[in-house]
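Visitor: Mind looking over this structure? Questions follow.
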Amino acid sequence: MRTIGALLLTTGLCAAVTACTDKANAPRSLAQADAAEGLRLIERHGCAACHAIPGVRWPQGRTGGDLTGVASRPMIAGRLPNQPGVMTALVRDAPALLPGTGMPPMPLTEAEARDVAAYLYTLDDD
Ligand code: HEC
């Protein structure tokens, strides 16, 4: 819980400082994360039931929106700064960051969430 609290605080601060949401300045390195493993996790956990995701042929769900180009968007879900720590937290526990969201918490470890985020950051061809 304390981690989430700190993250929300950071997110709030970033929202106040527009430089944080400037995609040119956003750090995108996820040390030791494995994007290829991230794709395997995305397939195993059925993210594509709700999202069209480049690299996943089937299914291509529509509930959660198309993740094509998600890496180059300045905001996640239009509300959160697109930064690795926020993305990692979101793919694991979206309701903690987006109260009332239709995206459920996903059973990923922290390390797995970083791998998933690393894969999402390869999707920059909007
Ligand atoms: C049951 C459906 C569902 C599943 C399963 C699901 N999501 Fe989502 N996802 C959503 C919805 C709905 C949103 C929109 C969130 C909002 O705006 O409140 C979303 C939003 C997102 C976003 C933000 C997209 C944007 O436009 O900025 C990302 C990234 C994401 N999901 C990744 C994932 C990943 C990775 C997985 C698998 C680990 C996953 N989702 C599983 C429904 C789902």
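Each chain of the structure tokens is named A, B, ... in the order shown, its residues numbered from 1; ligands are numbered from 1 in display order.
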Within 9 Å of stretch 108-121 of chain A, counting only C-alpha atoms, which residues qualify if same-chain residues fewer than 3 places away don't, as a PyMOL selection string?
Guide: chain A and resi 28-42+45+53+67-72+84-85+87-93+105+124
Visitor: Go ahead and write the selection's residues with C-alpha atoms as a PDB file, in the first residue's frame.
Guide:
ATOM      1  CA  ARG A  28      11.816   4.674 -20.926  1.00  0.00           C
ATOM      2  CA  SER A  29      14.521   2.398 -19.648  1.00  0.00           C
ATOM      3  CA  LEU A  30      13.343  -0.569 -17.637  1.00  0.00           C
ATOM      4  CA  ALA A  31      16.535  -2.030 -16.253  1.00  0.00           C
ATOM      5  CA  GLN A  32      16.733  -5.806 -16.577  1.00  0.00           C
ATOM      6  CA  ALA A  33      13.251  -6.083 -18.056  1.00  0.00           C
ATOM      7  CA  ASP A  34      12.747  -8.578 -20.876  1.00  0.00           C
ATOM      8  CA  ALA A  35      10.349  -7.424 -23.591  1.00  0.00           C
ATOM      9  CA  ALA A  36      10.194 -10.863 -25.251  1.00  0.00           C
ATOM     10  CA  GLU A  37       9.147 -12.410 -21.946  1.00  0.00           C
ATOM     11  CA  GLY A  38       6.657  -9.547 -21.634  1.00  0.00           C
ATOM     12  CA  LEU A  39       4.981 -10.619 -24.866  1.00  0.00           C
ATOM     13  CA  ARG A  40       4.748 -14.209 -23.609  1.00  0.00           C
ATOM     14  CA  LEU A  41       3.145 -12.954 -20.381  1.00  0.00           C
ATOM     15  CA  ILE A  42       0.705 -10.783 -22.336  1.00  0.00           C
ATOM     16  CA  HIS A  45      -2.617 -13.639 -19.229  1.00  0.00           C
ATOM     17  CA  ILE A  53      -1.919  -5.621 -29.245  1.00  0.00           C
ATOM     18  CA  LEU A  67      -2.370  -0.612 -27.595  1.00  0.00           C
ATOM     19  CA  THR A  68      -0.712   0.186 -30.931  1.00  0.00           C
ATOM     20  CA  GLY A  69       1.572   3.160 -30.353  1.00  0.00           C
ATOM     21  CA  VAL A  70       1.012   3.180 -26.587  1.00  0.00           C
ATOM     22  CA  ALA A  71       4.720   3.891 -26.064  1.00  0.00           C
ATOM     23  CA  SER A  72       4.528   7.203 -27.876  1.00  0.00           C
ATOM     24  CA  PRO A  84       7.873   3.143 -16.749  1.00  0.00           C
ATOM     25  CA  GLY A  85       7.004   3.039 -13.052  1.00  0.00           C
ATOM     26  CA  MET A  87       3.042   1.640 -16.612  1.00  0.00           C
ATOM     27  CA  THR A  88       4.462  -1.192 -14.505  1.00  0.00           C
ATOM     28  CA  ALA A  89       2.009  -0.446 -11.697  1.00  0.00           C
ATOM     29  CA  LEU A  90      -0.919  -0.086 -14.090  1.00  0.00           C
ATOM     30  CA  VAL A  91      -0.516  -3.425 -15.866  1.00  0.00           C
ATOM     31  CA  ARG A  92      -0.494  -5.131 -12.450  1.00  0.00           C
ATOM     32  CA  ASP A  93      -3.168  -3.222 -10.591  1.00  0.00           C
ATOM     33  CA  PRO A 105      -5.943  -6.384 -11.457  1.00  0.00           C
ATOM     34  CA  ASP A 124       5.764   3.133 -30.576  1.00  0.00           C
TER      35      ASP A 124
END
Visitor: Report as an mmCIF file with all heavy atoms, in the first residue's frame which protein, DNA and RNA residues come within 6 Å of ligand 1, using only C-alpha atoms and all ligand atoms.
Guide:
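This is the output file pocket.cif:
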data_model
loop_
_atom_site.group_PDB
_atom_site.id
_atom_site.type_symbol
_atom_site.label_atom_id
_atom_site.label_comp_id
_atom_site.auth_asym_id
_atom_site.auth_seq_id
_atom_site.Cartn_x
_atom_site.Cartn_y
_atom_site.Cartn_z
ATOM 1 N N ILE A 42 1.913 -11.420 -21.785
ATOM 2 C CA ILE A 42 0.705 -10.783 -22.336
ATOM 3 C C ILE A 42 -0.189 -11.850 -22.968
ATOM 4 O O ILE A 42 -1.402 -11.852 -22.785
ATOM 5 C CB ILE A 42 1.120 -9.694 -23.349
ATOM 6 C CG1 ILE A 42 1.590 -8.441 -22.591
ATOM 7 C CG2 ILE A 42 -0.010 -9.368 -24.315
ATOM 8 C CD1 ILE A 42 2.258 -7.389 -23.461
ATOM 9 N N HIS A 45 -1.624 -14.232 -20.126
ATOM 10 C CA HIS A 45 -2.617 -13.639 -19.229
ATOM 11 C C HIS A 45 -3.827 -13.067 -19.960
ATOM 12 O O HIS A 45 -4.701 -12.484 -19.343
ATOM 13 C CB HIS A 45 -1.960 -12.576 -18.351
ATOM 14 C CG HIS A 45 -1.072 -13.168 -17.301
ATOM 15 N ND1 HIS A 45 -1.558 -13.760 -16.160
ATOM 16 C CD2 HIS A 45 0.275 -13.294 -17.252
ATOM 17 C CE1 HIS A 45 -0.535 -14.212 -15.434
ATOM 18 N NE2 HIS A 45 0.586 -13.948 -16.076
ATOM 19 N N GLY A 46 -3.865 -13.219 -21.263
ATOM 20 C CA GLY A 46 -5.073 -12.868 -21.992
ATOM 21 C C GLY A 46 -5.361 -11.372 -22.075
ATOM 22 O O GLY A 46 -6.516 -10.965 -22.168
ATOM 23 N N CYS A 47 -4.329 -10.558 -22.060
ATOM 24 C CA CYS A 47 -4.540 -9.109 -22.197
ATOM 25 C C CYS A 47 -5.287 -8.798 -23.490
ATOM 26 O O CYS A 47 -6.074 -7.839 -23.554
ATOM 27 C CB CYS A 47 -3.213 -8.359 -22.215
ATOM 28 S SG CYS A 47 -2.098 -8.765 -20.845
ATOM 29 N N ALA A 49 -7.661 -10.269 -24.788
ATOM 30 C CA ALA A 49 -9.118 -10.429 -24.723
ATOM 31 C C ALA A 49 -9.777 -9.052 -24.694
ATOM 32 O O ALA A 49 -10.916 -8.890 -25.118
ATOM 33 C CB ALA A 49 -9.513 -11.237 -23.485
ATOM 34 N N CYS A 50 -9.055 -8.074 -24.190
ATOM 35 C CA CYS A 50 -9.606 -6.714 -24.067
ATOM 36 C C CYS A 50 -8.877 -5.687 -24.923
ATOM 37 O O CYS A 50 -9.341 -4.553 -25.042
ATOM 38 C CB CYS A 50 -9.547 -6.255 -22.615
ATOM 39 S SG CYS A 50 -10.596 -7.208 -21.499
ATOM 40 N N THR A 63 -12.575 -3.960 -25.679
ATOM 41 C CA THR A 63 -13.004 -3.310 -24.437
ATOM 42 C C THR A 63 -11.993 -2.283 -23.941
ATOM 43 O O THR A 63 -12.362 -1.205 -23.485
ATOM 44 C CB THR A 63 -13.162 -4.370 -23.323
ATOM 45 O OG1 THR A 63 -13.663 -5.559 -23.906
ATOM 46 C CG2 THR A 63 -14.071 -3.883 -22.227
ATOM 47 N N GLY A 64 -10.714 -2.638 -23.986
ATOM 48 C CA GLY A 64 -9.691 -1.788 -23.373
ATOM 49 C C GLY A 64 -8.961 -0.901 -24.359
ATOM 50 O O GLY A 64 -8.080 -0.147 -23.962
ATOM 51 N N ILE A 76 -1.061 7.722 -20.144
ATOM 52 C CA ILE A 76 -1.645 6.386 -20.087
ATOM 53 C C ILE A 76 -3.110 6.566 -19.718
ATOM 54 O O ILE A 76 -3.414 7.266 -18.737
ATOM 55 C CB ILE A 76 -0.960 5.509 -19.021
ATOM 56 C CG1 ILE A 76 0.538 5.386 -19.302
ATOM 57 C CG2 ILE A 76 -1.616 4.132 -18.959
ATOM 58 C CD1 ILE A 76 1.307 4.720 -18.172
ATOM 59 N N ALA A 77 -3.974 5.916 -20.485
ATOM 60 C CA ALA A 77 -5.423 6.009 -20.262
ATOM 61 C C ALA A 77 -5.880 7.468 -20.204
ATOM 62 O O ALA A 77 -6.884 7.786 -19.573
ATOM 63 C CB ALA A 77 -5.821 5.261 -18.977
ATOM 64 N N VAL A 91 -0.222 -2.119 -15.278
ATOM 65 C CA VAL A 91 -0.516 -3.425 -15.866
ATOM 66 C C VAL A 91 -0.783 -4.462 -14.773
ATOM 67 O O VAL A 91 -1.445 -5.468 -15.003
ATOM 68 C CB VAL A 91 0.578 -3.915 -16.850
ATOM 69 C CG1 VAL A 91 0.702 -2.959 -18.022
ATOM 70 C CG2 VAL A 91 1.912 -4.142 -16.170
ATOM 71 N N LEU A 98 -6.552 3.804 -11.331
ATOM 72 C CA LEU A 98 -7.707 4.333 -12.059
ATOM 73 C C LEU A 98 -8.974 3.794 -11.397
ATOM 74 O O LEU A 98 -9.549 2.814 -11.864
ATOM 75 C CB LEU A 98 -7.670 3.881 -13.530
ATOM 76 C CG LEU A 98 -6.455 4.244 -14.369
ATOM 77 C CD1 LEU A 98 -6.438 3.450 -15.673
ATOM 78 C CD2 LEU A 98 -6.431 5.739 -14.653
ATOM 79 N N THR A 101 -12.033 1.735 -13.029
ATOM 80 C CA THR A 101 -11.664 1.297 -14.377
ATOM 81 C C THR A 101 -12.230 -0.089 -14.683
ATOM 82 O O THR A 101 -12.453 -0.898 -13.774
ATOM 83 C CB THR A 101 -10.130 1.257 -14.536
ATOM 84 O OG1 THR A 101 -9.841 0.939 -15.903
ATOM 85 C CG2 THR A 101 -9.488 0.213 -13.652
ATOM 86 N N GLY A 102 -12.405 -0.358 -15.960
ATOM 87 C CA GLY A 102 -12.847 -1.675 -16.386
ATOM 88 C C GLY A 102 -11.713 -2.666 -16.471
ATOM 89 O O GLY A 102 -11.937 -3.849 -16.726
ATOM 90 N N MET A 103 -10.473 -2.201 -16.275
ATOM 91 C CA MET A 103 -9.341 -3.133 -16.333
ATOM 92 C C MET A 103 -9.119 -3.773 -14.978
ATOM 93 O O MET A 103 -8.938 -3.079 -13.990
ATOM 94 C CB MET A 103 -8.081 -2.400 -16.779
ATOM 95 C CG MET A 103 -6.872 -3.328 -16.784
ATOM 96 S SD MET A 103 -5.582 -2.791 -17.866
ATOM 97 C CE MET A 103 -4.197 -3.687 -17.170
ATOM 98 N N PRO A 104 -9.159 -5.104 -14.922
ATOM 99 C CA PRO A 104 -9.016 -5.791 -13.630
ATOM 100 C C PRO A 104 -7.553 -5.852 -13.193
ATOM 101 O O PRO A 104 -6.651 -5.692 -14.009
ATOM 102 C CB PRO A 104 -9.536 -7.197 -13.940
ATOM 103 C CG PRO A 104 -9.222 -7.400 -15.388
ATOM 104 C CD PRO A 104 -9.325 -6.042 -16.040
ATOM 105 N N MET A 106 -4.227 -7.695 -12.595
ATOM 106 C CA MET A 106 -3.714 -8.874 -13.286
ATOM 107 C C MET A 106 -2.705 -9.582 -12.382
ATOM 108 O O MET A 106 -1.929 -8.926 -11.704
ATOM 109 C CB MET A 106 -3.040 -8.459 -14.603
ATOM 110 C CG MET A 106 -3.961 -7.738 -15.579
ATOM 111 S SD MET A 106 -5.397 -8.698 -16.121
ATOM 112 C CE MET A 106 -4.638 -9.975 -17.135
ATOM 113 N N VAL A 116 6.285 -6.883 -19.002
ATOM 114 C CA VAL A 116 5.120 -6.493 -19.808
ATOM 115 C C VAL A 116 5.254 -5.030 -20.235
ATOM 116 O O VAL A 116 5.058 -4.693 -21.411
ATOM 117 C CB VAL A 116 3.808 -6.721 -19.012
ATOM 118 C CG1 VAL A 116 2.626 -6.048 -19.691
ATOM 119 C CG2 VAL A 116 3.550 -8.221 -18.845
#
Visitor: Quick one: pick out all helix (DSSP H, G or I) residues within stretch 7-121 of chain A from a backbone DSSP run and write them as a VMD selection string.
Guide: chain A and resid 7 to 16 18 to 21 35 to 44 47 to 49 70 to 72 84 to 92 94 to 97 110 to 120
Visitor: Using atom CA of A:Gly100 and atom CA of A:Asp125 as the two end points, give the distance in Å to one decimal.
Guide: 29.2 Å
